[in-house]
file coords.cif (mmCIF, C-alpha atoms)
data_final
#
loop_
_atom_site.group_PDB
_atom_site.id
_atom_site.type_symbol
_atom_site.label_atom_id
_atom_site.label_comp_id
_atom_site.auth_asym_id
_atom_site.auth_seq_id
_atom_site.Cartn_x
_atom_site.Cartn_y
_atom_site.Cartn_z
ATOM 1 C CA MET A 1 -50.328 54.880 66.269
ATOM 2 C CA LYS A 2 -47.097 56.652 65.362
ATOM 3 C CA TYR A 3 -47.858 59.314 67.983
ATOM 4 C CA TYR A 4 -48.324 56.614 70.672
ATOM 5 C CA PHE A 5 -44.864 55.133 70.053
ATOM 6 C CA LEU A 6 -43.377 58.630 69.920
ATOM 7 C CA ILE A 7 -44.801 59.318 73.390
ATOM 8 C CA GLN A 8 -43.366 56.040 74.710
ATOM 9 C CA PHE A 9 -39.963 56.912 73.257
ATOM 10 C CA ARG A 10 -40.052 60.366 74.851
ATOM 11 C CA ARG A 11 -40.940 58.771 78.204
ATOM 12 C CA LEU A 12 -37.923 56.500 77.847
ATOM 13 C CA ILE A 13 -35.667 59.474 77.062
ATOM 14 C CA ARG A 14 -37.026 61.364 80.073
ATOM 15 C CA HIS A 15 -36.311 58.448 82.401
ATOM 16 C CA ILE A 16 -32.732 58.217 81.118
ATOM 17 C CA GLN A 17 -32.271 61.965 81.590
ATOM 18 C CA ASP A 18 -33.438 61.581 85.208
ATOM 19 C CA PHE A 19 -30.129 59.771 85.818
ATOM 20 C CA GLY A 20 -28.252 62.811 84.524
ATOM 21 C CA VAL A 21 -27.093 60.893 81.437
ATOM 22 C CA HIS A 22 -27.298 61.972 77.794
ATOM 23 C CA PRO A 23 -30.113 59.918 76.149
ATOM 24 C CA ILE A 24 -27.998 58.607 73.249
ATOM 25 C CA PHE A 25 -25.190 57.552 75.583
ATOM 26 C CA GLY A 26 -27.743 56.019 77.958
ATOM 27 C CA LEU A 27 -29.402 53.983 75.187
ATOM 28 C CA ILE A 28 -26.026 52.688 73.996
ATOM 29 C CA VAL A 29 -24.989 51.712 77.539
ATOM 30 C CA ILE A 30 -28.316 49.951 78.184
ATOM 31 C CA GLY A 31 -28.028 48.018 74.932
ATOM 32 C CA LEU A 32 -24.413 46.991 75.545
ATOM 33 C CA LEU A 33 -25.162 46.035 79.150
ATOM 34 C CA PHE A 34 -28.073 43.837 78.147
ATOM 35 C CA LEU A 35 -26.109 42.167 75.367
ATOM 36 C CA GLY A 36 -22.973 41.674 77.468
ATOM 37 C CA LEU A 37 -24.798 40.333 80.510
ATOM 38 C CA SER A 38 -26.887 37.986 78.341
ATOM 39 C CA LEU A 39 -23.757 36.528 76.743
ATOM 40 C CA ILE A 40 -22.132 36.126 80.162
ATOM 41 C CA LEU A 41 -25.274 34.324 81.320
ATOM 42 C CA PHE A 42 -24.921 31.848 78.445
ATOM 43 C CA ASP A 43 -21.287 31.247 79.428
ATOM 44 C CA PHE A 44 -21.957 30.617 83.119
ATOM 45 C CA LEU A 45 -25.381 28.926 82.892
ATOM 46 C CA PRO A 46 -25.533 27.356 79.425
ATOM 47 C CA ASP A 47 -28.301 24.924 80.413
ATOM 48 C CA TYR A 48 -30.629 27.566 81.864
ATOM 49 C CA ALA A 49 -29.719 30.835 80.114
ATOM 50 C CA ALA A 50 -32.212 30.485 77.252
ATOM 51 C CA TYR A 51 -35.058 29.752 79.677
ATOM 52 C CA ILE A 52 -34.139 32.780 81.786
ATOM 53 C CA ILE A 53 -34.099 35.039 78.708
ATOM 54 C CA VAL A 54 -37.534 33.756 77.636
ATOM 55 C CA PHE A 55 -38.827 34.287 81.185
ATOM 56 C CA LEU A 56 -37.641 37.915 81.145
ATOM 57 C CA ALA A 57 -39.218 38.540 77.747
ATOM 58 C CA VAL A 58 -42.564 37.049 78.822
ATOM 59 C CA ASN A 59 -42.501 39.214 81.950
ATOM 60 C CA ILE A 60 -42.197 42.295 79.730
ATOM 61 C CA PHE A 61 -45.032 41.079 77.477
ATOM 62 C CA PHE A 62 -47.270 40.720 80.527
ATOM 63 C CA THR A 63 -46.231 44.180 81.735
ATOM 64 C CA LEU A 64 -47.251 45.671 78.384
ATOM 65 C CA SER A 65 -50.536 43.734 78.491
ATOM 66 C CA ASN A 66 -51.813 45.093 81.795
ATOM 67 C CA ILE A 67 -55.542 45.822 81.965
ATOM 68 C CA LYS A 68 -55.345 49.593 82.479
ATOM 69 C CA ASN A 69 -53.009 50.084 79.530
ATOM 70 C CA LYS A 70 -55.192 47.971 77.231
ATOM 71 C CA GLU A 71 -58.374 49.758 78.275
ATOM 72 C CA PHE A 72 -56.771 53.100 77.412
ATOM 73 C CA LEU A 73 -55.594 51.821 74.022
ATOM 74 C CA LYS A 74 -59.037 50.418 73.195
ATOM 75 C CA LEU A 75 -60.570 53.825 73.862
ATOM 76 C CA SER A 76 -57.956 55.574 71.723
ATOM 77 C CA PHE A 77 -57.833 53.283 68.679
ATOM 78 C CA THR A 78 -60.142 51.216 66.529
ATOM 79 C CA LYS A 79 -60.261 47.466 67.097
ATOM 80 C CA LYS A 80 -58.058 46.836 64.060
ATOM 81 C CA GLU A 81 -55.552 49.542 65.038
ATOM 82 C CA PHE A 82 -55.449 48.199 68.611
ATOM 83 C CA LYS A 83 -54.510 44.687 67.438
ATOM 84 C CA GLN A 84 -51.873 46.063 65.083
ATOM 85 C CA LEU A 85 -50.420 48.282 67.803
ATOM 86 C CA ARG A 86 -50.202 45.465 70.354
ATOM 87 C CA LEU A 87 -48.543 43.163 67.804
ATOM 88 C CA LEU A 88 -46.024 45.861 66.952
ATOM 89 C CA GLU A 89 -45.424 46.691 70.623
ATOM 90 C CA ASN A 90 -44.656 43.078 71.540
ATOM 91 C CA SER A 91 -42.562 42.650 68.386
ATOM 92 C CA LEU A 92 -40.406 45.656 69.266
ATOM 93 C CA ALA A 93 -40.035 44.458 72.865
ATOM 94 C CA SER A 94 -38.857 41.035 71.664
ATOM 95 C CA ILE A 95 -36.109 42.336 69.338
ATOM 96 C CA PRO A 96 -33.276 42.496 71.955
ATOM 97 C CA PHE A 97 -34.054 38.966 73.158
ATOM 98 C CA LEU A 98 -34.293 37.604 69.604
ATOM 99 C CA PHE A 99 -30.944 39.208 68.804
ATOM 100 C CA VAL A 100 -29.324 37.348 71.710
ATOM 101 C CA PHE A 101 -30.868 34.050 70.611
ATOM 102 C CA LEU A 102 -29.665 34.529 67.026
ATOM 103 C CA ILE A 103 -26.123 35.260 68.218
ATOM 104 C CA GLN A 104 -26.202 32.061 70.272
ATOM 105 C CA PHE A 105 -27.850 30.105 67.409
ATOM 106 C CA GLU A 106 -30.782 29.254 69.681
ATOM 107 C CA LEU A 107 -33.249 29.177 66.792
ATOM 108 C CA LEU A 108 -35.778 27.006 68.612
ATOM 109 C CA PHE A 109 -36.036 29.496 71.480
ATOM 110 C CA ALA A 110 -36.157 32.399 69.015
ATOM 111 C CA GLY A 111 -39.122 30.775 67.252
ATOM 112 C CA ALA A 112 -40.840 30.047 70.564
ATOM 113 C CA LEU A 113 -40.370 33.660 71.658
ATOM 114 C CA ILE A 114 -41.949 34.952 68.432
ATOM 115 C CA LEU A 115 -44.971 32.711 68.985
ATOM 116 C CA ILE A 116 -45.298 33.853 72.616
ATOM 117 C CA ALA A 117 -45.056 37.518 71.545
ATOM 118 C CA LEU A 118 -47.821 37.040 68.973
ATOM 119 C CA PHE A 119 -49.993 35.005 71.335
ATOM 120 C CA THR A 120 -49.789 37.430 74.267
ATOM 121 C CA ALA A 121 -50.238 40.558 72.125
ATOM 122 C CA ASN A 122 -54.028 40.423 72.293
ATOM 123 C CA MET A 123 -54.479 38.098 75.237
ATOM 124 C CA GLU A 124 -57.174 39.262 77.640
ATOM 125 C CA PHE A 125 -56.255 39.293 81.324
ATOM 126 C CA SER A 126 -59.419 41.052 82.492
ATOM 127 C CA LYS A 127 -61.691 38.024 82.844
ATOM 128 C CA ARG A 128 -62.612 37.578 86.487
ATOM 129 C CA PHE A 129 -64.213 34.895 88.592
ATOM 130 C CA ASN A 130 -67.031 35.752 90.961
ATOM 131 C CA TYR A 131 -65.423 33.649 93.649
ATOM 132 C CA SER A 132 -62.760 35.346 95.769
ATOM 133 C CA PHE A 133 -59.963 32.942 96.605
ATOM 134 C CA PRO A 134 -58.828 33.085 100.249
ATOM 135 C CA THR A 135 -55.239 34.228 100.634
ATOM 136 C CA PRO A 136 -52.596 33.721 103.338
ATOM 137 C CA PHE A 137 -52.137 37.507 103.373
ATOM 138 C CA SER A 138 -54.153 40.216 105.103
ATOM 139 C CA LYS A 139 -55.808 42.964 103.080
ATOM 140 C CA HIS A 140 -53.042 45.339 104.205
ATOM 141 C CA PRO A 141 -51.049 45.928 102.118
ATOM 142 C CA PHE A 142 -53.525 45.365 99.312
ATOM 143 C CA GLU A 143 -50.819 44.466 96.761
ATOM 144 C CA PHE A 144 -50.392 40.915 98.045
ATOM 145 C CA SER A 145 -54.045 39.938 98.445
ATOM 146 C CA ARG A 146 -54.754 41.380 94.991
ATOM 147 C CA GLY A 147 -51.621 39.950 93.401
ATOM 148 C CA PHE A 148 -52.103 36.506 94.938
ATOM 149 C CA ARG A 149 -55.573 36.166 93.430
ATOM 150 C CA LYS A 150 -54.338 37.258 90.015
ATOM 151 C CA SER A 151 -51.260 34.999 90.098
ATOM 152 C CA ILE A 152 -52.643 32.119 92.142
ATOM 153 C CA LEU A 153 -51.332 29.435 89.751
ATOM 154 C CA ILE A 154 -47.729 30.616 90.253
ATOM 155 C CA TYR A 155 -47.677 29.251 93.811
ATOM 156 C CA PRO A 156 -48.637 25.613 93.089
ATOM 157 C CA LEU A 157 -46.342 25.696 90.042
ATOM 158 C CA ALA A 158 -43.405 26.782 92.225
ATOM 159 C CA TYR A 159 -44.160 24.115 94.844
ATOM 160 C CA ILE A 160 -44.521 21.401 92.185
ATOM 161 C CA LEU A 161 -41.170 22.399 90.669
ATOM 162 C CA THR A 162 -39.582 22.129 94.112
ATOM 163 C CA ILE A 163 -41.051 18.667 94.710
ATOM 164 C CA ILE A 164 -39.810 17.535 91.293
ATOM 165 C CA GLY A 165 -36.376 18.974 92.089
ATOM 166 C CA VAL A 166 -36.270 17.090 95.394
ATOM 167 C CA SER A 167 -37.411 13.831 93.767
ATOM 168 C CA VAL A 168 -34.728 13.972 91.051
ATOM 169 C CA GLY A 169 -32.029 15.434 93.302
ATOM 170 C CA ASN A 170 -31.851 18.754 91.430
ATOM 171 C CA MET A 171 -31.674 21.716 93.820
ATOM 172 C CA ASN A 172 -31.609 24.161 90.891
ATOM 173 C CA LEU A 173 -35.321 23.577 90.291
ATOM 174 C CA GLY A 174 -36.033 24.629 93.870
ATOM 175 C CA ILE A 175 -33.900 27.747 93.470
ATOM 176 C CA PHE A 176 -35.717 28.565 90.229
ATOM 177 C CA ALA A 177 -39.029 28.133 92.103
ATOM 178 C CA ILE A 178 -37.901 30.672 94.734
ATOM 179 C CA LEU A 179 -36.903 33.091 92.003
ATOM 180 C CA LEU A 180 -40.230 32.542 90.238
ATOM 181 C CA LEU A 181 -42.152 33.472 93.384
ATOM 182 C CA GLY A 182 -39.792 36.363 94.093
ATOM 183 C CA LEU A 183 -40.262 37.970 90.685
ATOM 184 C CA SER A 184 -43.997 37.300 90.783
ATOM 185 C CA ASN A 185 -44.282 38.991 94.195
ATOM 186 C CA ALA A 186 -42.207 41.937 92.990
ATOM 187 C CA HIS A 187 -44.594 42.242 90.056
ATOM 188 C CA PHE A 188 -47.484 42.738 92.516
ATOM 189 C CA TYR A 189 -46.229 46.305 92.895
ATOM 190 C CA SER A 190 -46.679 47.039 89.186
ATOM 191 C CA PHE A 191 -50.284 48.066 89.870
ATOM 192 C CA THR A 192 -50.667 51.793 90.555
ATOM 193 C CA GLU A 193 -53.422 52.441 93.048
ATOM 194 C CA PRO A 194 -55.478 55.676 93.212
ATOM 195 C CA ASP A 195 -53.478 58.490 94.813
ATOM 196 C CA TYR A 196 -56.043 58.620 97.629
ATOM 197 C CA TYR A 197 -54.552 55.352 98.954
ATOM 198 C CA VAL A 198 -51.297 57.221 99.574
ATOM 199 C CA TRP A 199 -52.782 60.581 100.501
ATOM 200 C CA VAL A 200 -54.479 59.097 103.610
ATOM 201 C CA TYR A 201 -51.101 58.298 105.214
ATOM 202 C CA ARG A 202 -49.981 60.855 107.776
ATOM 203 C CA GLU A 203 -46.917 59.117 109.220
ATOM 204 C CA GLY A 204 -44.531 60.524 106.605
ATOM 205 C CA ALA A 205 -42.981 58.987 103.529
ATOM 206 C CA ARG A 206 -40.173 57.127 105.320
ATOM 207 C CA LYS A 207 -42.619 55.450 107.713
ATOM 208 C CA VAL A 208 -44.933 54.526 104.828
ATOM 209 C CA LEU A 209 -42.141 52.891 102.819
ATOM 210 C CA SER A 210 -40.686 51.225 105.916
ATOM 211 C CA GLN A 211 -44.050 49.608 106.695
ATOM 212 C CA LYS A 212 -44.465 48.498 103.093
ATOM 213 C CA PHE A 213 -40.944 47.034 103.034
ATOM 214 C CA LYS A 214 -41.589 45.026 106.204
ATOM 215 C CA LYS A 215 -44.979 43.703 105.122
ATOM 216 C CA GLY A 216 -43.816 43.004 101.581
ATOM 217 C CA LEU A 217 -40.733 41.066 102.679
ATOM 218 C CA SER A 218 -42.632 39.111 105.345
ATOM 219 C CA ASN A 219 -45.348 38.160 102.828
ATOM 220 C CA LEU A 220 -42.669 37.130 100.338
ATOM 221 C CA PHE A 221 -41.100 34.881 102.978
ATOM 222 C CA ILE A 222 -44.503 33.310 103.825
ATOM 223 C CA GLY A 223 -44.763 32.051 100.246
ATOM 224 C CA ILE A 224 -41.150 30.906 100.025
ATOM 225 C CA ILE A 225 -40.759 29.170 103.404
ATOM 226 C CA PRO A 226 -42.258 25.785 102.304
ATOM 227 C CA ILE A 227 -39.704 25.671 99.474
ATOM 228 C CA LEU A 228 -36.874 26.681 101.785
ATOM 229 C CA ILE A 229 -37.756 23.985 104.340
ATOM 230 C CA LEU A 230 -37.706 21.267 101.663
ATOM 231 C CA LEU A 231 -34.373 22.473 100.288
ATOM 232 C CA LEU A 232 -32.828 22.633 103.775
ATOM 233 C CA ILE A 233 -33.978 19.077 104.528
ATOM 234 C CA PHE A 234 -32.904 17.438 101.252
ATOM 235 C CA PHE A 235 -29.932 19.652 100.273
ATOM 236 C CA PRO A 236 -28.344 20.734 103.597
ATOM 237 C CA ASP A 237 -24.898 21.176 102.022
ATOM 238 C CA GLY A 238 -26.164 23.786 99.547
ATOM 239 C CA VAL A 239 -28.038 25.953 102.051
ATOM 240 C CA ILE A 240 -26.219 29.124 100.971
ATOM 241 C CA TYR A 241 -27.726 29.108 97.466
ATOM 242 C CA PRO A 242 -31.429 29.304 98.386
ATOM 243 C CA LEU A 243 -30.606 31.928 101.027
ATOM 244 C CA ILE A 244 -28.837 34.089 98.419
ATOM 245 C CA THR A 245 -31.795 33.638 96.061
ATOM 246 C CA ILE A 246 -34.237 34.714 98.782
ATOM 247 C CA ALA A 247 -32.115 37.795 99.480
ATOM 248 C CA LEU A 248 -32.102 38.684 95.765
ATOM 249 C CA SER A 249 -35.874 38.158 95.579
ATOM 250 C CA GLY A 250 -36.298 40.579 98.475
ATOM 251 C CA LEU A 251 -34.136 43.146 96.696
ATOM 252 C CA PHE A 252 -36.172 42.745 93.475
ATOM 253 C CA LEU A 253 -39.338 43.379 95.470
ATOM 254 C CA MET A 254 -37.878 46.476 97.133
ATOM 255 C CA ALA A 255 -36.660 47.788 93.766
ATOM 256 C CA ASN A 256 -40.087 47.411 92.170
ATOM 257 C CA MET A 257 -41.705 49.079 95.170
ATOM 258 C CA VAL A 258 -39.482 52.175 95.118
ATOM 259 C CA LEU A 259 -39.801 52.371 91.316
ATOM 260 C CA LYS A 260 -43.563 52.466 91.694
ATOM 261 C CA TYR A 261 -43.622 55.264 94.270
ATOM 262 C CA ALA A 262 -40.807 57.224 92.644
ATOM 263 C CA HIS A 263 -43.149 57.777 89.679
ATOM 264 C CA PHE A 264 -46.442 57.675 91.582
ATOM 265 C CA PRO A 265 -49.182 58.200 90.479
ATOM 266 C CA ARG A 266 -47.785 58.042 86.925
ATOM 267 C CA ASN A 267 -47.324 54.753 85.124
ATOM 268 C CA PHE A 268 -43.772 53.369 85.214
ATOM 269 C CA GLU A 269 -44.006 50.521 82.680
ATOM 270 C CA VAL A 270 -41.274 51.878 80.406
ATOM 271 C CA ILE A 271 -38.580 52.176 83.054
ATOM 272 C CA GLN A 272 -39.675 48.859 84.612
ATOM 273 C CA ALA A 273 -39.353 47.086 81.266
ATOM 274 C CA ILE A 274 -35.768 48.402 80.955
ATOM 275 C CA LEU A 275 -34.482 47.952 84.489
ATOM 276 C CA LEU A 276 -36.029 44.561 85.326
ATOM 277 C CA PRO A 277 -34.020 42.557 82.753
ATOM 278 C CA LEU A 278 -30.815 44.439 83.596
ATOM 279 C CA THR A 279 -31.112 43.903 87.354
ATOM 280 C CA PHE A 280 -32.025 40.263 86.807
ATOM 281 C CA LEU A 281 -28.942 39.713 84.636
ATOM 282 C CA PHE A 282 -26.682 41.825 86.877
ATOM 283 C CA PRO A 283 -28.085 41.930 90.452
ATOM 284 C CA PRO A 284 -25.427 44.373 91.829
ATOM 285 C CA LEU A 285 -27.330 47.106 89.938
ATOM 286 C CA LEU A 286 -30.000 46.755 92.630
ATOM 287 C CA PHE A 287 -27.664 48.400 95.151
ATOM 288 C CA ALA A 288 -27.605 51.530 92.980
ATOM 289 C CA ILE A 289 -31.236 51.500 91.846
ATOM 290 C CA ILE A 290 -32.867 51.023 95.261
ATOM 291 C CA PRO A 291 -31.209 53.998 97.063
ATOM 292 C CA TYR A 292 -31.638 56.274 94.021
ATOM 293 C CA TYR A 293 -35.337 55.586 93.564
ATOM 294 C CA TYR A 294 -35.952 55.423 97.306
ATOM 295 C CA SER A 295 -35.016 59.103 97.622
ATOM 296 C CA LYS A 296 -37.278 59.953 94.678
ATOM 297 C CA ALA A 297 -40.110 57.925 96.228
ATOM 298 C CA ILE A 298 -39.726 59.887 99.483
ATOM 299 C CA GLN A 299 -40.111 63.166 97.569
ATOM 300 C CA GLN A 300 -43.100 61.891 95.605
ATOM 301 C CA ILE A 301 -45.001 60.571 98.641
ATOM 302 C CA ASN A 302 -44.266 63.690 100.708
ATOM 303 C CA ALA A 303 -45.685 65.840 97.914
ATOM 304 C CA LEU A 304 -48.958 63.906 98.144
ATOM 305 C CA THR A 305 -49.283 63.612 101.930
ATOM 306 C CA GLN A 306 -48.333 67.129 102.991
#
call {"tool": "encode", "arguments": {"input": "coords.cif", "output": "structure tokens"}}
result
Amino acid sequence: MKYYFLIQFRRLIRHIQDFGVHPIFGLIVIGLLFLGLSLILFDFLPDYAAYIIVFLAVNIFFTLSNIKNKEFLKLSFTKKEFKQLRLLENSLASIPFLFVFLIQFELLFAGALILIALFTANMEFSKRFNYSFPTPFSKHPFEFSRGFRKSILIYPLAYILTIIGVSVGNMNLGIFAILLLGLSNAHFYSFTEPDYYVWVYREGARKVLSQKFKKGLSNLFIGIIPILILLLIFFPDGVIYPLITIALSGLFLMANMVLKYAHFPRNFEVIQAILLPLTFLFPPLLFAIIPYYYSKAIQQINALTQ
């Protein structure tokens, strides 16, 4: 178990070194950025900040609980060791978020986060239904048809939140619904397909990524457009806010996509777990992350297709 966490730590150090930054300095900067941006979030959005922090933490718990990772751990450890490891993994991941809650004296949210961390540690996500739900997306790219079926409840939840927001005159619920779908769609690209799926492309890396960007963004918009129409009808004066949120959702999706192919076919959970909260709290980071990892994704895909 100690060796597993040592490997994860070394992966983290390697990712920081990829930026050309000393690991200790990088860890300090990441910690200070997360803390500073979280406190700023509480200043500017005091009514929603705690919910956003919990949402980010839960996203990381789900990332750590993906099926492939759990199958590997079950093969490597005994049942008892596996449960202990997952509890410890979620506990460590929750520490930064708990620290923010304690600083803000949000003890209720801190307690809720601990319960969520314990509950999701050994939650099974591999149970499948025999029935294949129809999707509004084609099978190309596969990420959306696969992701839609695995996250099908997110869509009605987002639409219900929007309807509630319209009924009570609260546009913020609709904006949160857009963001919920945006982050969920971006998470579709967390699955790493077999390298054969990339090897078969012969158009070149730039063409491959360009096609994926176009299809990904159009599929994202398909899911969001019912929400956008309702917000435009009932909140015409605040049209700029949902449009900005849609743009940010598109950037989150693009960032997750280039992160995936920059490390393809290796797993990129560690760097995703670090960068996702930071970009969510400080979106301008996306304008640095996307170009940087886009160039690395080009190199990685070209190495597989040539």
call {"tool": "resolve_selection", "arguments": {"input": "coords.cif", "expression": "the PyMOL selection byres ((chain A and resi 186) around 12)", "output": "ChimeraX atom specification"}}
result
/A:59,143-144,147-148,151,179-185,187-191,213,216-217,219-220,248-260,272,276
call {"tool": "atom_distance", "arguments": {"input": "coords.cif", "atom1": "CA of Lys80 in chain A", "atom2": "CA of Ile114 in chain A"}}
result
20.5 Å
call {"tool": "closest_residue", "arguments": {"input": "coords.cif", "among": "A:Phe176, A:Tyr4, A:Phe119, A:Phe99", "to": "Ile52 in chain A", "atoms": "all atoms listed in the file"}}
result
A:Phe176
call {"tool": "closest_residue", "arguments": {"input": "coords.cif", "among": "A:Asn172, A:Gln299, A:Thr120, A:Thr78", "to": "His263 in chain A", "atoms": "all atoms listed in the file"}}
result
A:Gln299
call {"tool": "resolve_selection", "arguments": {"input": "coords.cif", "expression": "the PyMOL selection byres ((chain A and resi 282) around 10)", "output": "number ranges by chain"}}
result
A: 33-34, 37-38, 40-41, 276-281, 283-286
call {"tool": "atom_distance", "arguments": {"input": "coords.cif", "atom1": "CA of Ala297 in chain A", "atom2": "CA of Ala57 in chain A"}}
result
26.8 Å
call {"tool": "resolve_selection", "arguments": {"input": "coords.cif", "expression": "the PyMOL selection byres ((chain A and resi 118) around 12)", "output": "MDAnalysis selection string"}}
result
chainID A and resid 58 61 65 83:94 111:117 119:123
call {"tool": "residues_around", "arguments": {"input": "coords.cif", "residues": "range 230-237 of chain A", "least_positions_apart": "6", "cutoff": "8 Å", "atoms": "all atoms listed in the file", "output": "VMD selection string"}}
result
chain A and resid 162 166 171 174
call {"tool": "atom_distance", "arguments": {"input": "coords.cif", "atom1": "CA of Tyr292 in chain A", "atom2": "CA of Leu243 in chain A"}}
result
25.4 Å
call {"tool": "closest_residue", "arguments": {"input": "coords.cif", "among": "A:Leu209, A:Ile274, A:Val21, A:Ala158", "to": "Lys296 in chain A", "atoms": "all atoms listed in the file"}}
result
A:Leu209
call {"tool": "closest_residue", "arguments": {"input": "coords.cif", "among": "A:Phe62, A:Tyr294, A:Tyr159, A:Phe72", "to": "Leu228 in chain A", "atoms": "only C-alpha atoms"}}
result
A:Tyr159
call {"tool": "closest_residue", "arguments": {"input": "coords.cif", "among": "A:Ile24, A:Leu275, A:Met1, A:Ile163", "to": "Leu73 in chain A", "atoms": "all atoms listed in the file"}}
result
A:Met1
call {"tool": "residues_near_point", "arguments": {"input": "coords.cif", "point": "(-49.5, 57.8, 66.6)", "cutoff": "12 Å", "atoms": "all atoms listed in the file", "output": "number ranges by chain"}}
result
A: 1-9, 73, 76-77, 81-82, 85
call {"tool": "closest_residue", "arguments": {"input": "coords.cif", "among": "A:Ala177, A:Ala110, A:Ile16, A:Ala303", "to": "Val198 in chain A", "atoms": "all atoms listed in the file"}}
result
A:Ala303
call {"tool": "build_atoms", "arguments": {"input": "coords.cif", "residues": "range 290-304 of chain A", "atoms": "N, CA and C atoms", "output": "mmCIF file, keeping the file's coordinate frame"}}
result
data_model
loop_
_atom_site.group_PDB
_atom_site.id
_atom_site.type_symbol
_atom_site.label_atom_id
_atom_site.label_comp_id
_atom_site.auth_asym_id
_atom_site.auth_seq_id
_atom_site.Cartn_x
_atom_site.Cartn_y
_atom_site.Cartn_z
ATOM 1 N N ILE A 290 -32.000 50.885 94.089
ATOM 2 C CA ILE A 290 -32.867 51.023 95.261
ATOM 3 C C ILE A 290 -32.636 52.340 96.007
ATOM 4 N N PRO A 291 -31.389 52.707 96.369
ATOM 5 C CA PRO A 291 -31.209 53.998 97.063
ATOM 6 C C PRO A 291 -31.629 55.201 96.211
ATOM 7 N N TYR A 292 -31.318 55.142 94.902
ATOM 8 C CA TYR A 292 -31.638 56.274 94.021
ATOM 9 C C TYR A 292 -33.145 56.496 93.957
ATOM 10 N N TYR A 293 -33.885 55.431 93.702
ATOM 11 C CA TYR A 293 -35.337 55.586 93.564
ATOM 12 C C TYR A 293 -36.039 55.679 94.917
ATOM 13 N N TYR A 294 -35.378 55.238 95.973
ATOM 14 C CA TYR A 294 -35.952 55.423 97.306
ATOM 15 C C TYR A 294 -36.050 56.911 97.642
ATOM 16 N N SER A 295 -34.993 57.660 97.347
ATOM 17 C CA SER A 295 -35.016 59.103 97.622
ATOM 18 C C SER A 295 -36.074 59.809 96.781
ATOM 19 N N LYS A 296 -36.251 59.365 95.533
ATOM 20 C CA LYS A 296 -37.278 59.953 94.678
ATOM 21 C C LYS A 296 -38.678 59.578 95.167
ATOM 22 N N ALA A 297 -38.820 58.352 95.694
ATOM 23 C CA ALA A 297 -40.110 57.925 96.228
ATOM 24 C C ALA A 297 -40.482 58.750 97.461
ATOM 25 N N ILE A 298 -39.499 59.048 98.301
ATOM 26 C CA ILE A 298 -39.726 59.887 99.483
ATOM 27 C C ILE A 298 -40.288 61.243 99.052
ATOM 28 N N GLN A 299 -39.659 61.864 98.056
ATOM 29 C CA GLN A 299 -40.111 63.166 97.569
ATOM 30 C C GLN A 299 -41.528 63.086 97.004
ATOM 31 N N GLN A 300 -41.797 62.022 96.255
ATOM 32 C CA GLN A 300 -43.100 61.891 95.605
ATOM 33 C C GLN A 300 -44.221 61.676 96.614
ATOM 34 N N ILE A 301 -43.971 60.835 97.616
ATOM 35 C CA ILE A 301 -45.001 60.571 98.641
ATOM 36 C C ILE A 301 -45.212 61.800 99.501
ATOM 37 N N ASN A 302 -44.126 62.477 99.894
ATOM 38 C CA ASN A 302 -44.266 63.690 100.708
ATOM 39 C C ASN A 302 -45.085 64.760 99.989
ATOM 40 N N ALA A 303 -44.922 64.858 98.673
ATOM 41 C CA ALA A 303 -45.685 65.840 97.914
ATOM 42 C C ALA A 303 -47.186 65.555 97.951
ATOM 43 N N LEU A 304 -47.542 64.279 98.128
ATOM 44 C CA LEU A 304 -48.958 63.906 98.144
ATOM 45 C C LEU A 304 -49.564 63.976 99.550
#
